[in-house]
Amino acid sequence: MNKFTEDDLKKELETKEYEYGFYTDIEADKFPIGLNEEVVIAISKKKNEPEWMTEWRLDAFRIWKEMEEPDWANVNYEKPNFQDISYYSAPVQKPKLDSLDQVDPELLKTFEKLGISIDEQKRLSNVAVDIVVDSVSVATTFKKTLNEKGIIFMPISEAIQEHPELVKKYLGTIVPKTDNFYAALNSAVFSDGSFCYIPKGVTCPMELSTYFRINEGGTGQFERTLVIADEDSYVSYLEGCTAPARDENQLHAAVVELIALDDAEIKYSTVQNWFPGDAEGKGGVYNFVTKRGLCEKNSKISWTQVETGSAVTWKYPSCVLKGDNSVGEFYSIAVTNNFQQADTGTKMIHLGKNTKSTIISKGVSAGHSQNSYRGLVHIGPRAKNARNFSQCDSLLMGNLCGAHTFPYIEAKNKTAQIEHEATTSKIGEDQLFYCNQRGIDTEKAIALIVNGFSKEVLNKLPMEFAVEAQKLLEISLEGSVG
Amino acid sequence: MLEVKNLHASINDKEILKGINLNIKPGEVHAIMGPNGSGKSTLSAVVAGKEEYEVTDGSVILNGEDLDDLAPEERAHKGIFLSFQYPVEIPGVTVTNFIKTAINESRKAKGLEELPAKDMLKLIREKADLLEIDRKFLSRSLNEGFSGGEKKRNEIFQMAMLEPKLAILDETDSGLDIDALKIVANGVNKLKSKDNAVIVITHYQRLLDYIVPDFVHVLHNGKIVKSGGKELAFELEEKGYDWLK
Ligand SMILES: Nc1ncnc2c1ncn2[C@@H]1O[C@H](COP(=O)(O)OP(=O)(O)OP(=O)(O)O)[C@@H](O)[C@H]1O
Ligand SMILES: [Mg+2]
């Protein structure tokens, strides 16, 4: 028969190569491997940082040294050897650019391969892009338009130089150095990332976007992102990521801090497509990320994530709903295939009165992968009339993968209303046959069904990226069927 | 157009079809009747290429080509359409998106470009009007929460969109109210031409008042036990199946 049998499909799935697996030859200025106080100081020096920043890093390093890598997540992997990683890798040509013409042509080619030609993005989608390749921001576009509104959008390394008062005031206030093992490590060695400040009353006129990419072998990437939306302001922010295919596991430990002051709104979207490892589970990125936002009065933070990459993901974008009437949202699609493992979810910490949170989590598992949702809804004693709605849906393909749900609820106020719904379903033979009968092959049928399943979350993405995200879902599930 | 020759098919080693012969020419309407469990849906699934069924003997030939090696989607591309007795739900995928995908996949298989959105929309409107389908209906998730009758009408809408050569309507009348039955039958009749053929599977003579068959076959225990003209349907309505067993 011409039609895929289940075995054929499995085989194809296993041989499916990572779309973005290529390596660009840009000269890299790479630190020797290993981590100690000297390396931390050297990173800080390299970036010309003021002394307070160096001290801040050293403090974080000392905290980290005393900590142990957590192992409570539902993931299994060989712990990275933290002395075997290079903690800094910057393209040698380290320009400060006003226009794209000045960017290294090799690098531009890389972006083209990634399908994120900045030129096109600039024109089509009105997006300001900050790109972090390995560890350093190379180009920030659209600066001028933003300048006029008083919006600051720049690499955090520059912000440390140019806006030390803002950085000092907010850095580490939402995710303290002591928060967890990876956050402490990040605080000590973070190389770059994006900084964004929206002034009072300003609605940011375009999507802000950062593109992360791990290029150099044997390096870790530790970005630090800080977004501050001042009172009554609005910003929508997107981060995307890819990494070339490599045999060894690459470490990625980012920290993202969001601050929404009174009446402000931040929409933060992520499309994560780090290398997931090969069909045997070899290689791939360890993605250990801490993302948290603080909501002051009447403010709103909305996290949307499409997670299709990484060998191991450990990630819980959270909201601290401190101000009365503040709103937190979490919309997530996590797709795992082959031997990928994802343990992801959110924490909604209700502290203020009338705070509201919504959690929509969609997990799609195929191959031998494991996909866990882990979420905490905490209602503090002062959080009168707090409300949460959670919905966790899992879609399974085949019999070898797993989907797990770990919802935790802590309600310390009796007026709280908490709703939790969960479903698990399988892509059925009957659904596939129905599609096939209409002329849609199995591969396309799966994409269609998965997109339908994920629709509520895809709809939350900015238009320009929804299409890209849909394609990504298709790519990462190609060939999988049960 | 369609030749079914001595077709034997089984599932889980249980033989369901036990030597079926059918010969359908362009422009013809064939009705298949028969008691529950006699194998009517199985026959349509086997013709459409459902993999779970194993064809143990005989063949299905469409316009001179043996379909044995073809996947269900390839058969669909060749013009076979099955209106399901129990249409499945696909949550989150709208009727419009689904039919758009189906049309474009079929076009792709034929080496054609995707149908431009404007033309697609026009076609959808035209066919929705033909079957008196509310526009709002088109943006709902496919079959999710549809009433029995709505599901059936939607099947015929898809048929109208895809314009198949051979349409198999598996109990499309069940679940339809009297008005809907007329609308759907009228739709089917409008799509009929001298170049395509229809197989109507039904339990009731009533549908055949609207879609008038050239031949009626009675399927019993995996075999066609009697064939005749449209008057056979009246006879069955009156006498049941007992006299044929
Ligand atoms: N997966 C299966 N496993 C075992 N038996 C099956 C399977 N699928 C169908 N059958 C059996 O095959 C026989 C024919 O079923 P089929 O659905 O073709 O009947 P039908 O003529 O369409 O009946 P109805 O008029 O009720 O729709 C039935 O006895 C049914 O139980
Ligand atoms: Mg039947």
# chains A, B, ... in the order shown; residues from 1 in each chain; ligands from 1
call {"tool": "interface_residues", "arguments": {"of": "chain B", "to": "chain A", "cutoff": "6 Å", "atoms": "only C-alpha atoms", "output": "VMD selection string"}}
result
chain B and resid 69 to 73 76 to 77 91 to 93 102 105 to 106
call {"tool": "residues_around", "arguments": {"residues": "Asn354 (chain A)", "least_positions_apart": "2", "cutoff": "10 Å", "atoms": "only C-alpha atoms", "output": "count of residues only"}}
result
19
call {"tool": "select_by_dssp", "arguments": {"residues": "region 169-243 of chain A", "states": "helix (DSSP H, G or I)", "output": "list in words"}}
result
Lys169, Tyr170, Phe181, Tyr182, Ala183, Ala184, Leu185, Asn186, Ser187, Ala188 and Val189 of chain A
call {"tool": "residues_near_ligand", "arguments": {"ligand": "ligand 1", "cutoff": "10 Å", "atoms": "only C-alpha atoms and all ligand atoms", "output": "number ranges by chain"}}
result
B: 10-17, 32-46, 52-53, 85-86, 170-171, 201-203, 219-222
call {"tool": "residues_around", "arguments": {"residues": "Ile333 (chain A)", "least_positions_apart": "4", "cutoff": "8 Å", "atoms": "only C-alpha atoms", "output": "NGL selection string"}}
result
:A and (305-307 or 361-364 or 454 or 457)
call {"tool": "residues_around", "arguments": {"residues": "region 183-192 of chain A", "least_positions_apart": "5", "cutoff": "8 Å", "atoms": "only C-alpha atoms", "output": "PyMOL selection string"}}
result
chain A and resi 40+43+56-61+63-64+87-88+132+135-137+155-157+175-178+221-224+253-255+289-290
call {"tool": "residues_around", "arguments": {"residues": "Phe288 (chain A)", "least_positions_apart": "4", "cutoff": "8 Å", "atoms": "only C-alpha atoms", "output": "ChimeraX atom specification"}}
result
/A:182,251-254,312-315
call {"tool": "atom_distance", "arguments": {"atom1": "CA of Ser227 (chain B)", "atom2": "CA of Lys25 (chain B)"}}
result
15.4 Å
call {"tool": "residues_around", "arguments": {"residues": "Glu114 (chain B)", "least_positions_apart": "3", "cutoff": "7 Å", "atoms": "only C-alpha atoms", "output": "VMD selection string"}}
result
chain B and resid 104 107 to 108
call {"tool": "write_last_selection", "arguments": {"atoms": "N, CA and C atoms", "output": "CSV table (one decimal), in the first residue's frame"}}
result
chain,number,residue,atom,x,y,z
B,104,ASN,N,-7.9,22.5,-1.4
B,104,ASN,CA,-6.6,22.8,-1.8
B,104,ASN,C,-5.7,21.6,-1.8
B,107,ARG,N,-6.5,19.9,-5.0
B,107,ARG,CA,-5.9,20.6,-6.1
B,107,ARG,C,-4.4,20.4,-6.2
B,108,LYS,N,-3.8,20.4,-5.1
B,108,LYS,CA,-2.3,20.2,-5.0
B,108,LYS,C,-2.0,18.8,-5.7
